[in-house]
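Peer 1: I'm passing along upload_17.cif; it holds mmCIF, N, CA, C and O atoms.
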data_target
#
loop_
_atom_site.label_atom_id
_atom_site.label_comp_id
_atom_site.auth_asym_id
_atom_site.auth_seq_id
_atom_site.Cartn_x
_atom_site.Cartn_y
_atom_site.Cartn_z
N MET A 183 46.65 73.12 168.70
CA MET A 183 47.64 72.82 167.72
C MET A 183 47.66 73.96 166.69
O MET A 183 46.64 74.41 166.23
N ALA A 184 48.87 74.42 166.35
CA ALA A 184 49.05 75.49 165.37
C ALA A 184 49.37 74.89 164.00
O ALA A 184 49.99 73.84 163.90
N THR A 185 48.93 75.60 162.98
CA THR A 185 49.22 75.18 161.61
C THR A 185 49.93 76.31 160.90
O THR A 185 49.56 77.47 161.04
N ARG A 186 50.94 75.97 160.15
CA ARG A 186 51.67 76.96 159.36
C ARG A 186 51.61 76.54 157.90
O ARG A 186 51.95 75.42 157.56
N THR A 187 51.17 77.46 157.07
CA THR A 187 51.12 77.22 155.64
C THR A 187 52.18 78.08 154.99
O THR A 187 52.26 79.28 155.24
N THR A 188 52.98 77.48 154.15
CA THR A 188 54.05 78.20 153.46
C THR A 188 53.73 78.23 151.97
O THR A 188 53.47 77.19 151.36
N LEU A 189 53.76 79.42 151.41
CA LEU A 189 53.54 79.60 149.98
C LEU A 189 54.90 79.82 149.33
O LEU A 189 55.61 80.76 149.66
N ILE A 190 55.26 78.96 148.43
CA ILE A 190 56.52 79.09 147.70
C ILE A 190 56.18 79.40 146.26
O ILE A 190 55.46 78.66 145.59
N ILE A 191 56.70 80.53 145.78
CA ILE A 191 56.47 80.91 144.39
C ILE A 191 57.72 80.56 143.59
O ILE A 191 58.82 80.93 143.96
N TYR A 192 57.51 79.84 142.50
CA TYR A 192 58.61 79.38 141.67
C TYR A 192 58.72 80.25 140.41
O TYR A 192 57.72 80.69 139.86
N ASP A 193 59.94 80.47 139.98
CA ASP A 193 60.23 81.21 138.76
C ASP A 193 59.65 80.44 137.58
O ASP A 193 59.88 79.25 137.42
N ASP A 194 58.85 81.13 136.76
CA ASP A 194 58.23 80.49 135.61
C ASP A 194 59.22 80.09 134.53
O ASP A 194 58.90 79.25 133.68
N LEU A 195 60.40 80.67 134.51
CA LEU A 195 61.39 80.33 133.49
C LEU A 195 62.33 79.22 133.90
O LEU A 195 62.58 78.29 133.14
N ASP A 196 62.88 79.32 135.12
CA ASP A 196 63.89 78.33 135.50
C ASP A 196 63.50 77.45 136.69
O ASP A 196 64.25 76.58 137.08
N GLY A 197 62.31 77.68 137.25
CA GLY A 197 61.82 76.83 138.33
C GLY A 197 62.42 77.09 139.69
O GLY A 197 62.12 76.37 140.65
N SER A 198 63.26 78.11 139.82
CA SER A 198 63.88 78.39 141.12
C SER A 198 62.84 78.95 142.10
O SER A 198 61.84 79.55 141.71
N GLU A 199 63.09 78.73 143.39
CA GLU A 199 62.18 79.21 144.43
C GLU A 199 62.41 80.69 144.73
O GLU A 199 63.45 81.24 144.40
N GLY A 200 61.43 81.29 145.38
CA GLY A 200 61.59 82.66 145.86
C GLY A 200 61.29 83.72 144.81
O GLY A 200 61.84 84.81 144.86
N ALA A 201 60.44 83.43 143.87
CA ALA A 201 60.12 84.38 142.80
C ALA A 201 59.07 85.38 143.29
O ALA A 201 58.38 85.16 144.28
N ASP A 202 58.96 86.48 142.58
CA ASP A 202 57.92 87.49 142.79
C ASP A 202 57.13 87.64 141.50
O ASP A 202 57.66 87.44 140.41
N ARG A 203 55.88 88.01 141.65
CA ARG A 203 55.04 88.23 140.46
C ARG A 203 55.40 89.55 139.81
O ARG A 203 55.53 90.57 140.47
N VAL A 204 55.56 89.55 138.50
CA VAL A 204 55.87 90.74 137.72
C VAL A 204 54.75 90.90 136.70
O VAL A 204 54.38 89.94 136.03
N THR A 205 54.21 92.10 136.61
CA THR A 205 53.19 92.38 135.60
C THR A 205 53.72 93.41 134.63
O THR A 205 54.50 94.28 134.99
N PHE A 206 53.34 93.27 133.38
CA PHE A 206 53.72 94.25 132.36
C PHE A 206 52.70 94.18 131.25
O PHE A 206 51.88 93.26 131.18
N ALA A 207 52.73 95.18 130.40
CA ALA A 207 51.80 95.21 129.26
C ALA A 207 52.58 95.45 127.98
O ALA A 207 53.59 96.14 127.97
N TYR A 208 52.11 94.84 126.92
CA TYR A 208 52.71 95.02 125.60
C TYR A 208 51.60 94.86 124.56
O TYR A 208 50.81 93.92 124.63
N ALA A 209 51.57 95.77 123.62
CA ALA A 209 50.62 95.74 122.51
C ALA A 209 49.18 95.60 123.00
O ALA A 209 48.39 94.85 122.44
N GLY A 210 48.86 96.30 124.09
CA GLY A 210 47.50 96.32 124.59
C GLY A 210 47.09 95.13 125.43
O GLY A 210 45.94 95.02 125.84
N THR A 211 48.01 94.23 125.71
CA THR A 211 47.71 93.05 126.51
C THR A 211 48.56 93.06 127.77
O THR A 211 49.76 93.30 127.70
N SER A 212 47.93 92.82 128.92
CA SER A 212 48.65 92.74 130.19
C SER A 212 49.11 91.30 130.43
O SER A 212 48.38 90.35 130.13
N TYR A 213 50.32 91.18 130.95
CA TYR A 213 50.90 89.87 131.23
C TYR A 213 51.34 89.81 132.69
O TYR A 213 51.62 90.83 133.31
N GLU A 214 51.43 88.60 133.20
CA GLU A 214 51.88 88.37 134.56
C GLU A 214 52.79 87.15 134.53
O GLU A 214 52.47 86.14 133.90
N ILE A 215 53.94 87.26 135.21
CA ILE A 215 54.90 86.16 135.25
C ILE A 215 55.59 86.18 136.60
O ILE A 215 55.79 87.24 137.19
N ASP A 216 55.92 85.01 137.12
CA ASP A 216 56.66 84.90 138.37
C ASP A 216 58.12 84.73 138.03
O ASP A 216 58.50 83.81 137.30
N LEU A 217 58.96 85.67 138.54
CA LEU A 217 60.39 85.65 138.22
C LEU A 217 61.23 85.80 139.48
O LEU A 217 60.89 86.58 140.37
N GLY A 218 62.34 85.08 139.53
CA GLY A 218 63.34 85.25 140.57
C GLY A 218 64.15 86.51 140.29
O GLY A 218 64.03 87.13 139.24
N LYS A 219 65.00 86.87 141.22
CA LYS A 219 65.78 88.10 141.10
C LYS A 219 66.63 88.13 139.83
O LYS A 219 66.70 89.16 139.16
N LYS A 220 67.25 87.03 139.51
CA LYS A 220 68.11 86.97 138.32
C LYS A 220 67.30 87.24 137.04
O LYS A 220 67.71 88.04 136.19
N ASN A 221 66.16 86.59 136.91
CA ASN A 221 65.35 86.78 135.71
C ASN A 221 64.63 88.13 135.70
O ASN A 221 64.40 88.69 134.63
N GLN A 222 64.30 88.68 136.88
CA GLN A 222 63.74 90.03 136.92
C GLN A 222 64.77 91.03 136.42
O GLN A 222 64.45 91.94 135.64
N ALA A 223 66.00 90.88 136.87
CA ALA A 223 67.06 91.78 136.43
C ALA A 223 67.28 91.67 134.92
O ALA A 223 67.48 92.67 134.23
N ALA A 224 67.21 90.45 134.38
CA ALA A 224 67.39 90.24 132.95
C ALA A 224 66.25 90.90 132.16
O ALA A 224 66.49 91.53 131.13
N LEU A 225 65.02 90.80 132.67
CA LEU A 225 63.88 91.44 132.01
C LEU A 225 64.04 92.96 132.04
O LEU A 225 63.87 93.63 131.02
N GLU A 226 64.41 93.51 133.20
CA GLU A 226 64.61 94.96 133.31
C GLU A 226 65.72 95.44 132.38
O GLU A 226 65.59 96.48 131.73
N LYS A 227 66.80 94.67 132.28
CA LYS A 227 67.90 95.05 131.41
C LYS A 227 67.47 95.02 129.95
O LYS A 227 67.79 95.92 129.17
N ALA A 228 66.70 94.00 129.58
CA ALA A 228 66.24 93.88 128.20
C ALA A 228 65.29 95.02 127.81
O ALA A 228 65.31 95.48 126.67
N LEU A 229 64.50 95.48 128.75
CA LEU A 229 63.51 96.53 128.46
C LEU A 229 64.02 97.94 128.71
O LEU A 229 63.38 98.91 128.31
N ALA A 230 65.17 98.08 129.36
CA ALA A 230 65.65 99.39 129.83
C ALA A 230 65.69 100.45 128.73
O ALA A 230 65.19 101.56 128.92
N LYS A 231 66.26 100.15 127.58
CA LYS A 231 66.38 101.17 126.54
C LYS A 231 65.02 101.54 125.95
O LYS A 231 64.79 102.67 125.55
N TYR A 232 64.09 100.59 125.94
CA TYR A 232 62.75 100.88 125.43
C TYR A 232 61.96 101.72 126.43
O TYR A 232 61.25 102.65 126.04
N ILE A 233 62.09 101.39 127.70
CA ILE A 233 61.41 102.16 128.75
C ILE A 233 61.95 103.59 128.78
O ILE A 233 61.19 104.55 128.89
N ALA A 234 63.26 103.71 128.67
CA ALA A 234 63.87 105.04 128.71
C ALA A 234 63.40 105.92 127.55
O ALA A 234 63.26 107.13 127.71
N ALA A 235 63.13 105.34 126.40
CA ALA A 235 62.72 106.11 125.22
C ALA A 235 61.20 106.25 125.09
O ALA A 235 60.72 107.06 124.31
N ALA A 236 60.46 105.47 125.87
CA ALA A 236 59.00 105.43 125.72
C ALA A 236 58.31 106.62 126.41
O ALA A 236 58.88 107.29 127.26
N ARG A 237 57.08 106.85 125.99
CA ARG A 237 56.20 107.82 126.64
C ARG A 237 55.28 107.05 127.56
O ARG A 237 54.79 105.99 127.20
N LYS A 238 54.99 107.62 128.72
CA LYS A 238 54.06 106.97 129.66
C LYS A 238 52.64 107.23 129.22
O LYS A 238 52.31 108.26 128.65
N THR A 239 51.79 106.25 129.50
CA THR A 239 50.36 106.42 129.26
C THR A 239 49.68 106.68 130.59
O THR A 239 50.30 106.57 131.64
N GLY A 240 48.40 106.97 130.56
CA GLY A 240 47.69 107.36 131.77
C GLY A 240 47.52 106.29 132.82
O GLY A 240 47.48 106.58 133.99
N ARG A 241 47.41 105.03 132.43
CA ARG A 241 47.11 103.99 133.41
C ARG A 241 48.09 102.85 133.29
O ARG A 241 48.58 102.52 132.23
N ARG A 242 48.30 102.21 134.43
CA ARG A 242 49.12 101.00 134.48
C ARG A 242 48.21 99.81 134.67
O ARG A 242 47.12 99.94 135.18
N PRO A 243 48.66 98.60 134.33
CA PRO A 243 47.86 97.41 134.60
C PRO A 243 47.68 97.24 136.11
O PRO A 243 48.56 97.62 136.89
N ALA A 244 46.59 96.66 136.52
CA ALA A 244 46.35 96.42 137.95
C ALA A 244 47.41 95.49 138.51
O ALA A 244 47.82 94.53 137.86
N GLN A 245 47.84 95.76 139.73
CA GLN A 245 48.90 94.96 140.35
C GLN A 245 48.35 93.80 141.18
O GLN A 245 49.10 92.99 141.66
N GLY A 246 47.06 93.76 141.42
CA GLY A 246 46.49 92.64 142.19
C GLY A 246 47.03 92.56 143.59
O GLY A 246 47.13 91.48 144.15
N GLY A 247 47.43 93.70 144.18
CA GLY A 247 47.92 93.70 145.55
C GLY A 247 49.35 93.23 145.70
O GLY A 247 49.85 93.14 146.79
N ARG A 248 50.01 92.93 144.63
CA ARG A 248 51.39 92.45 144.70
C ARG A 248 52.31 93.47 144.09
O ARG A 248 51.99 94.13 143.14
N ARG A 249 53.48 93.57 144.65
CA ARG A 249 54.49 94.49 144.16
C ARG A 249 55.17 93.89 142.95
O ARG A 249 55.36 92.69 142.86
N SER A 250 55.55 94.73 142.03
CA SER A 250 56.28 94.24 140.86
C SER A 250 57.45 95.16 140.56
O SER A 250 57.62 96.18 141.19
N SER A 251 58.21 94.84 139.56
CA SER A 251 59.32 95.67 139.16
C SER A 251 58.89 96.99 138.60
O SER A 251 59.68 97.89 138.43
N ASN A 252 57.65 97.11 138.27
CA ASN A 252 57.13 98.37 137.77
C ASN A 252 56.40 99.16 138.84
O ASN A 252 55.64 100.06 138.51
N ALA A 253 56.62 98.82 140.10
CA ALA A 253 55.97 99.57 141.18
C ALA A 253 56.32 101.04 141.05
O ALA A 253 57.39 101.40 140.59
N THR A 254 55.41 101.90 141.46
CA THR A 254 55.67 103.32 141.31
C THR A 254 56.06 103.96 142.63
O THR A 254 55.66 103.54 143.69
N ALA A 255 56.84 105.01 142.52
CA ALA A 255 57.24 105.79 143.67
C ALA A 255 56.11 106.73 144.03
O ALA A 255 55.10 106.81 143.36
N GLY A 256 56.30 107.50 145.09
CA GLY A 256 55.26 108.36 145.62
C GLY A 256 54.66 109.33 144.64
O GLY A 256 53.49 109.65 144.71
N ARG A 257 55.41 109.84 143.69
CA ARG A 257 54.90 110.83 142.76
C ARG A 257 54.50 110.21 141.42
O ARG A 257 54.51 110.88 140.40
N GLY A 258 54.19 108.93 141.41
CA GLY A 258 53.75 108.29 140.18
C GLY A 258 54.89 107.95 139.23
O GLY A 258 54.66 107.76 138.05
N GLN A 259 56.11 107.90 139.73
CA GLN A 259 57.25 107.59 138.87
C GLN A 259 57.35 106.08 138.68
O GLN A 259 57.07 105.31 139.57
N ASP A 260 57.79 105.69 137.53
CA ASP A 260 57.98 104.28 137.20
C ASP A 260 59.37 103.87 137.68
O ASP A 260 60.38 104.28 137.12
N LEU A 261 59.40 103.04 138.72
CA LEU A 261 60.69 102.66 139.31
C LEU A 261 61.57 101.88 138.34
O LEU A 261 62.79 102.01 138.37
N ALA A 262 60.97 101.09 137.46
CA ALA A 262 61.77 100.36 136.48
C ALA A 262 62.48 101.33 135.55
O ALA A 262 63.66 101.15 135.23
N ALA A 263 61.78 102.38 135.14
CA ALA A 263 62.40 103.38 134.27
C ALA A 263 63.49 104.15 135.00
O ALA A 263 64.54 104.43 134.44
N ILE A 264 63.24 104.46 136.27
CA ILE A 264 64.25 105.17 137.07
C ILE A 264 65.48 104.30 137.24
O ILE A 264 66.61 104.77 137.07
N ARG A 265 65.29 103.03 137.56
CA ARG A 265 66.43 102.11 137.72
C ARG A 265 67.22 101.99 136.42
O ARG A 265 68.44 102.02 136.42
N ALA A 266 66.51 101.84 135.30
CA ALA A 266 67.18 101.71 134.01
C ALA A 266 67.99 102.97 133.70
O ALA A 266 69.15 102.89 133.29
N TRP A 267 67.38 104.12 133.92
CA TRP A 267 68.08 105.39 133.67
C TRP A 267 69.30 105.51 134.58
O TRP A 267 70.39 105.89 134.13
N ALA A 268 69.13 105.18 135.86
CA ALA A 268 70.23 105.29 136.83
C ALA A 268 71.40 104.40 136.42
O ALA A 268 72.56 104.81 136.48
N ARG A 269 71.11 103.18 135.99
CA ARG A 269 72.19 102.27 135.56
C ARG A 269 72.91 102.83 134.34
O ARG A 269 74.13 102.73 134.24
N GLU A 270 72.15 103.43 133.40
CA GLU A 270 72.77 104.03 132.22
C GLU A 270 73.69 105.19 132.60
O GLU A 270 74.66 105.47 131.91
N GLN A 271 73.36 105.86 133.72
CA GLN A 271 74.17 106.99 134.19
C GLN A 271 75.33 106.53 135.08
O GLN A 271 76.08 107.35 135.58
N GLY A 272 75.43 105.24 135.30
CA GLY A 272 76.50 104.70 136.14
C GLY A 272 76.21 104.80 137.63
O GLY A 272 77.11 104.63 138.45
N LEU A 273 74.96 105.06 137.98
CA LEU A 273 74.58 105.14 139.39
C LEU A 273 74.27 103.75 139.92
O LEU A 273 73.75 102.90 139.19
N GLU A 274 74.57 103.53 141.19
CA GLU A 274 74.30 102.25 141.80
C GLU A 274 72.87 102.25 142.33
O GLU A 274 72.46 103.14 143.07
N VAL A 275 72.09 101.26 141.91
CA VAL A 275 70.70 101.17 142.33
C VAL A 275 70.34 99.69 142.47
O VAL A 275 70.79 98.86 141.69
N SER A 276 69.56 99.37 143.50
CA SER A 276 69.19 97.98 143.76
C SER A 276 68.17 97.49 142.74
O SER A 276 67.45 98.28 142.13
N VAL A 277 68.11 96.19 142.56
CA VAL A 277 67.16 95.60 141.64
C VAL A 277 65.74 95.68 142.20
O VAL A 277 64.78 95.86 141.47
N HIS A 278 65.61 95.57 143.53
CA HIS A 278 64.31 95.60 144.19
C HIS A 278 64.34 96.61 145.32
O HIS A 278 65.39 97.07 145.73
N GLY A 279 63.18 96.88 145.86
CA GLY A 279 63.09 97.76 147.02
C GLY A 279 63.08 99.22 146.65
O GLY A 279 62.81 99.60 145.51
N ARG A 280 63.39 100.04 147.62
CA ARG A 280 63.32 101.48 147.43
C ARG A 280 64.43 102.01 146.54
O ARG A 280 65.53 101.51 146.54
N VAL A 281 64.08 103.04 145.81
CA VAL A 281 65.06 103.80 145.04
C VAL A 281 65.29 105.07 145.85
O VAL A 281 64.34 105.74 146.24
N SER A 282 66.55 105.39 146.11
CA SER A 282 66.85 106.53 146.97
C SER A 282 66.26 107.82 146.42
O SER A 282 66.09 107.98 145.21
N LYS A 283 65.94 108.73 147.33
CA LYS A 283 65.39 110.03 146.94
C LYS A 283 66.37 110.79 146.05
O LYS A 283 65.97 111.50 145.14
N ASP A 284 67.68 110.65 146.31
CA ASP A 284 68.68 111.32 145.49
C ASP A 284 68.61 110.85 144.04
O ASP A 284 68.67 111.66 143.10
N VAL A 285 68.45 109.53 143.83
CA VAL A 285 68.36 108.99 142.48
C VAL A 285 67.05 109.46 141.84
O VAL A 285 67.02 109.86 140.67
N GLN A 286 65.95 109.46 142.60
CA GLN A 286 64.66 109.92 142.06
C GLN A 286 64.75 111.39 141.66
O GLN A 286 64.25 111.79 140.61
N ARG A 287 65.39 112.22 142.50
CA ARG A 287 65.53 113.64 142.17
C ARG A 287 66.38 113.85 140.92
O ARG A 287 66.08 114.70 140.08
N ALA A 288 67.47 113.07 140.81
CA ALA A 288 68.32 113.17 139.63
C ALA A 288 67.54 112.80 138.37
O ALA A 288 67.66 113.45 137.33
N TYR A 289 66.73 111.75 138.48
CA TYR A 289 65.90 111.31 137.35
C TYR A 289 64.91 112.42 136.97
O TYR A 289 64.76 112.76 135.79
N GLU A 290 64.25 113.01 137.97
CA GLU A 290 63.29 114.09 137.73
C GLU A 290 63.98 115.28 137.04
O GLU A 290 63.43 115.85 136.09
N ALA A 291 65.17 115.62 137.50
CA ALA A 291 65.89 116.76 136.93
C ALA A 291 66.27 116.49 135.47
O ALA A 291 66.27 117.40 134.65
N ALA A 292 66.59 115.24 135.15
CA ALA A 292 66.99 114.89 133.79
C ALA A 292 65.80 114.77 132.85
O ALA A 292 65.97 114.82 131.63
N HIS A 293 64.61 114.59 133.41
CA HIS A 293 63.43 114.42 132.57
C HIS A 293 62.49 115.56 132.79
O HIS A 293 61.44 115.72 132.47
#
As a first step, turn the structure in this file into structure tokens.
Peer 2:
Amino acid sequence: MATRTTLIIYDDLDGSEGADRVTFAYAGTSYEIDLGKKNQAALEKALAKYIAAARKTGRRPAQGGRRSSNATAGRGQDLAAIRAWAREQGLEVSVHGRVSKDVQRAYEAAH
């Protein structure tokens, strides 16, 4: 007999299914929250202008093996910052997943 276990992650704000864990830090404290796509996009939009103006520090909070909206690209780039910058430039970029090399190169050239 086979057994299947299903893990359903619920959005901590609205209770919807299919959320992903998001980690971030503020004022020296790391936070973790489970958010659905809609609330992840709202968080990224709310932080976009601050991320774009901020300076990066040497270390990020541990991800605990889970991907978040702040996942980094191959060269240590902050994907949330790249997405925020790309949206400000009128470029089309997905909320999750890979950021195209063209967008990453444009971001690098601008910074």
Peer 1: Decode the PyMOL selection byres ((chain A and resi 283-290) around 8) for the given file into explicit residues and return them as JSON, numbers by chain.
Peer 2: {"A": [263, 264, 265, 267, 268, 273, 274, 280, 281, 282, 291, 292, 293]}
Peer 1: Expanded to explicit residues, what is the PyMOL selection byres (((chain A and resi 200 and name CA) around 7) and name CA) for this file, as a ChimeraX atom specification?
Peer 2: /A:190-192,198-199,201-202,218
Peer 1: Give me the result of the PyMOL selection byres ((chain A and resi 266) around 8) on this file, residue by residue, as an MDAnalysis selection string.
Peer 2: chainID A and resid 226:227 229:231 233:234 260:265 267:273 276
Peer 1: I'd like the interatomic distance between atom C of Val277 in chain A and atom O of Arg203 in chain A, to a tenth of an Å.
Peer 2: 11.5 Å
Peer 1: Find the distance between CA of Phe206 in chain A and CA of Leu189 in chain A and write it in Å to one decimal.
Peer 2: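 One can read the CA of Phe206 in chain A to CA of Leu189 in chain A distance as 22.9 Å.
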Peer 1: Taking 6 positions as the minimum chain separation for residues in the same chain, which residues sit within 8 Å of Leu195 in chain A when counting all atoms listed in the file? Answer as number ranges by chain.
Peer 2: A: 215-218, 221
Peer 1: With N, CA, C and O atoms kept, could you save the residues just selected as a PDB file, in the frame of the given file?
Peer 2:
ATOM      1  N   ILE A 215      53.940  87.260 135.210  1.00  0.00           N
ATOM      2  CA  ILE A 215      54.900  86.160 135.250  1.00  0.00           C
ATOM      3  C   ILE A 215      55.590  86.180 136.600  1.00  0.00           C
ATOM      4  O   ILE A 215      55.790  87.240 137.190  1.00  0.00           O
ATOM      5  N   ASP A 216      55.920  85.010 137.120  1.00  0.00           N
ATOM      6  CA  ASP A 216      56.660  84.900 138.370  1.00  0.00           C
ATOM      7  C   ASP A 216      58.120  84.730 138.030  1.00  0.00           C
ATOM      8  O   ASP A 216      58.500  83.810 137.300  1.00  0.00           O
ATOM      9  N   LEU A 217      58.960  85.670 138.540  1.00  0.00           N
ATOM     10  CA  LEU A 217      60.390  85.650 138.220  1.00  0.00           C
ATOM     11  C   LEU A 217      61.230  85.800 139.480  1.00  0.00           C
ATOM     12  O   LEU A 217      60.890  86.580 140.370  1.00  0.00           O
ATOM     13  N   GLY A 218      62.340  85.080 139.530  1.00  0.00           N
ATOM     14  CA  GLY A 218      63.340  85.250 140.570  1.00  0.00           C
ATOM     15  C   GLY A 218      64.150  86.510 140.290  1.00  0.00           C
ATOM     16  O   GLY A 218      64.030  87.130 139.240  1.00  0.00           O
ATOM     17  N   ASN A 221      66.160  86.590 136.910  1.00  0.00           N
ATOM     18  CA  ASN A 221      65.350  86.780 135.710  1.00  0.00           C
ATOM     19  C   ASN A 221      64.630  88.130 135.700  1.00  0.00           C
ATOM     20  O   ASN A 221      64.400  88.690 134.630  1.00  0.00           O
TER      21      ASN A 221
END
Peer 1: Identify all residues of chain A in helix (DSSP H, G or I) (DSSP on the backbone) and supply them as an NGL selection string.
Peer 2: :A and (219-235 or 261-270 or 283-292)
Peer 1: Provide the atom O of Gly210 in chain A to atom O of Gly197 in chain A distance in Å, to one decimal place.
Peer 2: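 Computing it gives 28.8 Å between the two atoms.
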Peer 1: So which residues of chain A fall under strand (DSSP E or B) by DSSP, listed as number ranges by chain?
Peer 2: A: 192, 199, 202-208, 211-217, 254, 260
